[in-house]
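So the structure is just underneath, and the comments pick up after that.
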Amino acid sequence: MVQALNSTSAPAIHIMELTGGDDGGGCGHHFVLVHGMCHGAWCWYKAATALRRAGHRTTAVDMAGCGAHPARVGEVRTFEEYSRPLLDALAALPPRERVVLVAHSHGGFSAALAAERLPERLAAVVFLTASLPAVGCPMVATIEEYLGFVGAEFFLDSRQLEQQNPEIPGNPEIFGPNFMARMLYQLSPPEDLTLALSLIRPVNRFAGDAVMRDAGLLTRERYGSARRVVVIVEDDLGVPAEFQRRMASRSDGVEVVELAGADHMAMISRPAMVADLLIRIANTHGDKIR
């Protein structure tokens, strides 16, 4: 069920890009897809295929050190470097093209940074059970509140690893198999969990990073003026719906949509439903795309 409620030098860009025809979607929207912690562009493969079949174009981006990106976790020193592939992909768009940016989970922080830096490239930003930082607050505040909400034992067998780069505060993290099975993929096909376990990579949260701690980073004039749509996934255990609603309530002007029957990896457990929802959002904001 889907129910609307209310209204340095840049590294190489590593993307998974699919271009559809006009056989199903008509308007041919362009969706830029951002993954969450430990994942990569690969996690969008089902939803991206559904969007392509409907006649749309998708660009799924690997954040630095994730997915097929060649950097190691200790080589990505800042959150800006981590998000650079997304910023570069948006900056490389044709001058008049505007896209629907879709962020999942931790990817919401990179999407927020992109909306602040490049709002002219975006028709809408969709936060799919994603971190949604508020205007005028440091992004790290959302991380700290989430960690306090779920508690230290929540992450089960997930691990903090030794930090190999002293320039990066904190430790890289990797999700554990039990955590992924029970909290992220509980409604997903077992073969997708197997795939994910073979592809995840450790990542830093960058909680001590200057960009993440800058209370003045996200402005009302840029990030706050973006068309933001929050998709609350009711059966998500990884980011509980109560916390998703709490984030949405602190951001003025966001549109909120509910999606039931999916787990945290909604693009894997319910790819057709997610694709249909994204197309409807793009159609709603279609006058802003071209």
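Labels for the structure tokens follow display order: chains A, B, ..., residues from 1 in each chain, ligands from 1.
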
Shell around region 37-47 of chain A at 6 Å using only C-alpha atoms, local window under 5 positions removed, as a PDB file with N, CA and C atoms, in the first residue's frame:
ATOM      1  N   ALA A  60      22.700   5.332 -10.895  1.00  0.00           N
ATOM      2  CA  ALA A  60      22.987   4.920  -9.520  1.00  0.00           C
ATOM      3  C   ALA A  60      24.469   5.148  -9.254  1.00  0.00           C
ATOM      4  N   VAL A  61      24.764   5.892  -8.222  1.00  0.00           N
ATOM      5  CA  VAL A  61      26.128   6.360  -7.975  1.00  0.00           C
ATOM      6  C   VAL A  61      26.754   5.604  -6.801  1.00  0.00           C
ATOM      7  N   ASP A  62      27.995   5.171  -6.962  1.00  0.00           N
ATOM      8  CA  ASP A  62      28.788   4.637  -5.862  1.00  0.00           C
ATOM      9  C   ASP A  62      29.449   5.793  -5.121  1.00  0.00           C
ATOM     10  N   CYS A  66      32.802   2.897  -1.780  1.00  0.00           N
ATOM     11  CA  CYS A  66      31.667   1.979  -1.702  1.00  0.00           C
ATOM     12  C   CYS A  66      31.439   1.289  -3.048  1.00  0.00           C
ATOM     13  N   GLY A  67      30.744   0.157  -3.002  1.00  0.00           N
ATOM     14  CA  GLY A  67      30.418  -0.536  -4.242  1.00  0.00           C
ATOM     15  C   GLY A  67      31.656  -0.846  -5.053  1.00  0.00           C
ATOM     16  N   HIS A 106      21.429   6.185   5.006  1.00  0.00           N
ATOM     17  CA  HIS A 106      22.505   7.146   5.270  1.00  0.00           C
ATOM     18  C   HIS A 106      22.765   8.055   4.067  1.00  0.00           C
ATOM     19  N   ILE A 200      28.890  -5.852   0.514  1.00  0.00           N
ATOM     20  CA  ILE A 200      29.012  -4.707   1.416  1.00  0.00           C
ATOM     21  C   ILE A 200      30.473  -4.423   1.747  1.00  0.00           C
ATOM     22  N   ARG A 201      30.744  -3.155   2.049  1.00  0.00           N
ATOM     23  CA  ARG A 201      32.081  -2.704   2.385  1.00  0.00           C
ATOM     24  C   ARG A 201      32.026  -1.814   3.627  1.00  0.00           C
ATOM     25  N   PRO A 202      33.096  -1.780   4.415  1.00  0.00           N
ATOM     26  CA  PRO A 202      33.097  -0.901   5.596  1.00  0.00           C
ATOM     27  C   PRO A 202      33.070   0.560   5.184  1.00  0.00           C
ATOM     28  N   VAL A 203      32.523   1.395   6.065  1.00  0.00           N
ATOM     29  CA  VAL A 203      32.383   2.823   5.763  1.00  0.00           C
ATOM     30  C   VAL A 203      32.484   3.611   7.058  1.00  0.00           C
ATOM     31  N   MET A 267      13.854  -0.965  -1.975  1.00  0.00           N
ATOM     32  CA  MET A 267      14.110  -1.072  -3.418  1.00  0.00           C
ATOM     33  C   MET A 267      14.420  -2.509  -3.836  1.00  0.00           C
ATOM     34  N   PRO A 271      10.556  -3.714  -5.244  1.00  0.00           N
ATOM     35  CA  PRO A 271      11.095  -2.817  -6.279  1.00  0.00           C
ATOM     36  C   PRO A 271      10.032  -2.209  -7.182  1.00  0.00           C
ATOM     37  N   ALA A 275       9.400   1.739  -7.579  1.00  0.00           N
ATOM     38  CA  ALA A 275       9.495   2.373  -8.895  1.00  0.00           C
ATOM     39  C   ALA A 275       8.213   3.121  -9.238  1.00  0.00           C
TER      40      ALA A 275
END

Q: Can you pull out every residue within 12 Å of Leu33 (chain A), counting only C-alpha atoms, but drop anything in the same chain fewer than 3 positions away, and send it as number ranges by chain?
A: A: 15-18, 30, 36, 40-45, 47-48, 51, 57-63, 85-86, 89-90, 99-105, 107-108, 110-111, 125-128, 267, 275, 278

Q: State, in Å with one decimal place, the distance from CA of Pro177 (chain A) to CA of Val150 (chain A).
A: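 One can read the CA of Pro177 (chain A) to CA of Val150 (chain A) distance as 18.2 Å.
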
Q. If you run DSSP on the backbone, which residues of region 147-268 of chain A are alpha helix (DSSP H), as a list of chain:residue names?
A.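 Listing alpha helix (DSSP H) positions across region 147-268 of chain A yields A:Leu147, A:Gly148, A:Phe149, A:Val150, A:Pro177, A:Asn178, A:Phe179, A:Pro190, A:Glu191, A:Asp192, A:Leu193, A:Thr194, A:Leu195, A:Ala196, A:Leu197, A:Ser198, A:Leu199, A:Ala241, A:Glu242, A:Phe243, A:Gln244, A:Arg245, A:Arg246, A:Met247, A:Ala248, A:Ser249, A:Ala266, A:Met267, A:Ile268.
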
Output file for the residues above (N, CA and C atoms, as a PDB file, in the first residue's frame):
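New file result-v3.pdb:
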ATOM      1  N   LEU A 147      21.272   7.119  16.873  1.00  0.00           N
ATOM      2  CA  LEU A 147      22.008   6.154  17.684  1.00  0.00           C
ATOM      3  C   LEU A 147      21.446   6.086  19.104  1.00  0.00           C
ATOM      4  N   GLY A 148      21.033   7.224  19.635  1.00  0.00           N
ATOM      5  CA  GLY A 148      20.417   7.219  20.942  1.00  0.00           C
ATOM      6  C   GLY A 148      19.041   6.578  20.933  1.00  0.00           C
ATOM      7  N   PHE A 149      18.322   6.728  19.842  1.00  0.00           N
ATOM      8  CA  PHE A 149      16.969   6.172  19.718  1.00  0.00           C
ATOM      9  C   PHE A 149      16.996   4.649  19.689  1.00  0.00           C
ATOM     10  N   VAL A 150      17.915   4.073  18.908  1.00  0.00           N
ATOM     11  CA  VAL A 150      17.923   2.612  18.751  1.00  0.00           C
ATOM     12  C   VAL A 150      18.720   1.909  19.839  1.00  0.00           C
ATOM     13  N   PRO A 177      26.099 -10.052   9.526  1.00  0.00           N
ATOM     14  CA  PRO A 177      25.095 -10.878   8.833  1.00  0.00           C
ATOM     15  C   PRO A 177      23.773 -10.974   9.583  1.00  0.00           C
ATOM     16  N   ASN A 178      23.816 -11.151  10.894  1.00  0.00           N
ATOM     17  CA  ASN A 178      22.570 -11.256  11.654  1.00  0.00           C
ATOM     18  C   ASN A 178      21.808  -9.933  11.643  1.00  0.00           C
ATOM     19  N   PHE A 179      22.527  -8.839  11.793  1.00  0.00           N
ATOM     20  CA  PHE A 179      21.877  -7.526  11.741  1.00  0.00           C
ATOM     21  C   PHE A 179      21.198  -7.321  10.392  1.00  0.00           C
ATOM     22  N   PRO A 190      15.904 -14.216   0.034  1.00  0.00           N
ATOM     23  CA  PRO A 190      17.161 -14.645   0.660  1.00  0.00           C
ATOM     24  C   PRO A 190      18.361 -14.521  -0.267  1.00  0.00           C
ATOM     25  N   GLU A 191      18.142 -14.678  -1.573  1.00  0.00           N
ATOM     26  CA  GLU A 191      19.269 -14.566  -2.488  1.00  0.00           C
ATOM     27  C   GLU A 191      19.816 -13.138  -2.531  1.00  0.00           C
ATOM     28  N   ASP A 192      18.953 -12.137  -2.273  1.00  0.00           N
ATOM     29  CA  ASP A 192      19.429 -10.760  -2.235  1.00  0.00           C
ATOM     30  C   ASP A 192      20.240 -10.495  -0.974  1.00  0.00           C
ATOM     31  N   LEU A 193      19.879 -11.122   0.116  1.00  0.00           N
ATOM     32  CA  LEU A 193      20.703 -11.019   1.322  1.00  0.00           C
ATOM     33  C   LEU A 193      22.070 -11.644   1.068  1.00  0.00           C
ATOM     34  N   THR A 194      22.099 -12.809   0.424  1.00  0.00           N
ATOM     35  CA  THR A 194      23.375 -13.453   0.090  1.00  0.00           C
ATOM     36  C   THR A 194      24.229 -12.545  -0.786  1.00  0.00           C
ATOM     37  N   LEU A 195      23.599 -11.934  -1.785  1.00  0.00           N
ATOM     38  CA  LEU A 195      24.308 -11.000  -2.659  1.00  0.00           C
ATOM     39  C   LEU A 195      24.878  -9.841  -1.845  1.00  0.00           C
ATOM     40  N   ALA A 196      24.052  -9.269  -0.976  1.00  0.00           N
ATOM     41  CA  ALA A 196      24.486  -8.115  -0.204  1.00  0.00           C
ATOM     42  C   ALA A 196      25.652  -8.458   0.710  1.00  0.00           C
ATOM     43  N   LEU A 197      25.600  -9.625   1.329  1.00  0.00           N
ATOM     44  CA  LEU A 197      26.676 -10.022   2.228  1.00  0.00           C
ATOM     45  C   LEU A 197      28.008 -10.164   1.501  1.00  0.00           C
ATOM     46  N   SER A 198      27.950 -10.438   0.210  1.00  0.00           N
ATOM     47  CA  SER A 198      29.183 -10.582  -0.575  1.00  0.00           C
ATOM     48  C   SER A 198      29.695  -9.242  -1.104  1.00  0.00           C
ATOM     49  N   LEU A 199      28.864  -8.190  -1.027  1.00  0.00           N
ATOM     50  CA  LEU A 199      29.223  -6.926  -1.666  1.00  0.00           C
ATOM     51  C   LEU A 199      29.401  -5.750  -0.707  1.00  0.00           C
ATOM     52  N   ALA A 241       9.819   3.366  11.852  1.00  0.00           N
ATOM     53  CA  ALA A 241       8.913   4.377  11.310  1.00  0.00           C
ATOM     54  C   ALA A 241       8.731   5.545  12.267  1.00  0.00           C
ATOM     55  N   GLU A 242       8.735   5.283  13.564  1.00  0.00           N
ATOM     56  CA  GLU A 242       8.602   6.370  14.530  1.00  0.00           C
ATOM     57  C   GLU A 242       9.725   7.375  14.381  1.00  0.00           C
ATOM     58  N   PHE A 243      10.942   6.883  14.157  1.00  0.00           N
ATOM     59  CA  PHE A 243      12.062   7.810  13.981  1.00  0.00           C
ATOM     60  C   PHE A 243      11.984   8.507  12.631  1.00  0.00           C
ATOM     61  N   GLN A 244      11.528   7.806  11.596  1.00  0.00           N
ATOM     62  CA  GLN A 244      11.340   8.441  10.297  1.00  0.00           C
ATOM     63  C   GLN A 244      10.379   9.623  10.415  1.00  0.00           C
ATOM     64  N   ARG A 245       9.285   9.426  11.133  1.00  0.00           N
ATOM     65  CA  ARG A 245       8.302  10.503  11.313  1.00  0.00           C
ATOM     66  C   ARG A 245       8.885  11.648  12.133  1.00  0.00           C
ATOM     67  N   ARG A 246       9.693  11.322  13.108  1.00  0.00           N
ATOM     68  CA  ARG A 246      10.313  12.356  13.929  1.00  0.00           C
ATOM     69  C   ARG A 246      11.178  13.255  13.068  1.00  0.00           C
ATOM     70  N   MET A 247      11.971  12.676  12.166  1.00  0.00           N
ATOM     71  CA  MET A 247      12.802  13.493  11.279  1.00  0.00           C
ATOM     72  C   MET A 247      11.940  14.374  10.387  1.00  0.00           C
ATOM     73  N   ALA A 248      10.872  13.798   9.820  1.00  0.00           N
ATOM     74  CA  ALA A 248      10.015  14.558   8.910  1.00  0.00           C
ATOM     75  C   ALA A 248       9.335  15.716   9.618  1.00  0.00           C
ATOM     76  N   SER A 249       8.978  15.525  10.875  1.00  0.00           N
ATOM     77  CA  SER A 249       8.259  16.568  11.608  1.00  0.00           C
ATOM     78  C   SER A 249       9.118  17.789  11.857  1.00  0.00           C
ATOM     79  N   ALA A 266      13.819  -1.325   0.773  1.00  0.00           N
ATOM     80  CA  ALA A 266      12.555  -1.314   0.031  1.00  0.00           C
ATOM     81  C   ALA A 266      12.762  -1.480  -1.462  1.00  0.00           C
ATOM     82  N   MET A 267      13.854  -0.965  -1.975  1.00  0.00           N
ATOM     83  CA  MET A 267      14.110  -1.072  -3.418  1.00  0.00           C
ATOM     84  C   MET A 267      14.420  -2.509  -3.836  1.00  0.00           C
ATOM     85  N   ILE A 268      14.705  -3.370  -2.854  1.00  0.00           N
ATOM     86  CA  ILE A 268      14.952  -4.782  -3.116  1.00  0.00           C
ATOM     87  C   ILE A 268      13.742  -5.632  -2.756  1.00  0.00           C
TER      88      ILE A 268
END

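The residue that comes closest to Phe109 (chain A), out of A:Ala91, A:Asn283, A:Val73, A:Met212 and on the basis of only C-alpha atoms, is A:Met212.
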
Q: Write down as a list in words the residues of region 138-268 of chain A whose backbone DSSP state falls under strand (DSSP E or B).
A: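 For region 138-268 of chain A, the strand (DSSP E or B) set is Arg159, Gln160, Glu173, Ile174, Val203, Arg228, Val229, Val230, Val231, Ile232, Val233, Glu255, Val256, Val257, Glu258 and Leu259 of chain A.
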
Q. What lies within 7 Å of region 213-221 of chain A using only C-alpha atoms, ignoring chain neighbours under 4 positions off, as a ChimeraX atom specification?
A. /A:116,135-140,208-209,225

Q. Between A:Ala64, A:Thr49, A:Gly55, A:Gly74, which one has atoms that come closest to Gly170 (chain A), using only C-alpha atoms?
A. A:Gly74

Q.
Just want the 6 Å neighbourhood of region 262-264 of chain A, counted on only C-alpha atoms, with same-chain residues fewer than 3 positions away dropped. Output as JSON, numbers by chain.
A. {"A": [184, 187, 235, 236, 238, 269, 270]}

Q | Shell of 7 Å around Arg159 (chain A), only C-alpha atoms, local chain residues under 2 positions omitted, as a list in words | A |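 Those residues are Asp157, Leu161, Glu173, Ile174, Phe175 and Gly176 of chain A.
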
Write the residues of the preceding selection, restricted to N, CA and C atoms, as a PDB file, in the first residue's frame.
ATOM      1  N   ASP A 157      25.516  -8.016  15.534  1.00  0.00           N
ATOM      2  CA  ASP A 157      26.870  -8.464  15.228  1.00  0.00           C
ATOM      3  C   ASP A 157      27.632  -7.528  14.296  1.00  0.00           C
ATOM      4  N   LEU A 161      35.679  -1.347  13.094  1.00  0.00           N
ATOM      5  CA  LEU A 161      37.000  -1.824  12.687  1.00  0.00           C
ATOM      6  C   LEU A 161      38.072  -0.841  13.133  1.00  0.00           C
ATOM      7  N   GLU A 173      32.838   1.164  10.071  1.00  0.00           N
ATOM      8  CA  GLU A 173      31.887   0.162  10.534  1.00  0.00           C
ATOM      9  C   GLU A 173      31.487  -0.752   9.382  1.00  0.00           C
ATOM     10  N   ILE A 174      31.127  -1.985   9.735  1.00  0.00           N
ATOM     11  CA  ILE A 174      30.633  -2.953   8.754  1.00  0.00           C
ATOM     12  C   ILE A 174      29.435  -3.672   9.371  1.00  0.00           C
ATOM     13  N   PHE A 175      28.358  -3.790   8.621  1.00  0.00           N
ATOM     14  CA  PHE A 175      27.168  -4.465   9.126  1.00  0.00           C
ATOM     15  C   PHE A 175      27.428  -5.957   9.283  1.00  0.00           C
ATOM     16  N   GLY A 176      26.824  -6.560  10.301  1.00  0.00           N
ATOM     17  CA  GLY A 176      26.950  -7.987  10.531  1.00  0.00           C
ATOM     18  C   GLY A 176      25.858  -8.773   9.821  1.00  0.00           C
TER      19      GLY A 176
END

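Going from CA of Ile232 (chain A) to CA of Ile281 (chain A) covers 14.1 Å.
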
Q: Check the smallest atom-to-atom distance from each of A:Leu87, A:Val229, A:Val34, A:Ala210 to Leu277 (chain A) using only C-alpha atoms, then report the winner.
A: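 Once distances to Leu277 (chain A) are computed over only C-alpha atoms, the minimum belongs to A:Val229.
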
Q: One decimal, Å: what's the distance from CA of Ala181 (chain A) over to CA of Leu237 (chain A), could you say?
A: 10.7 Å
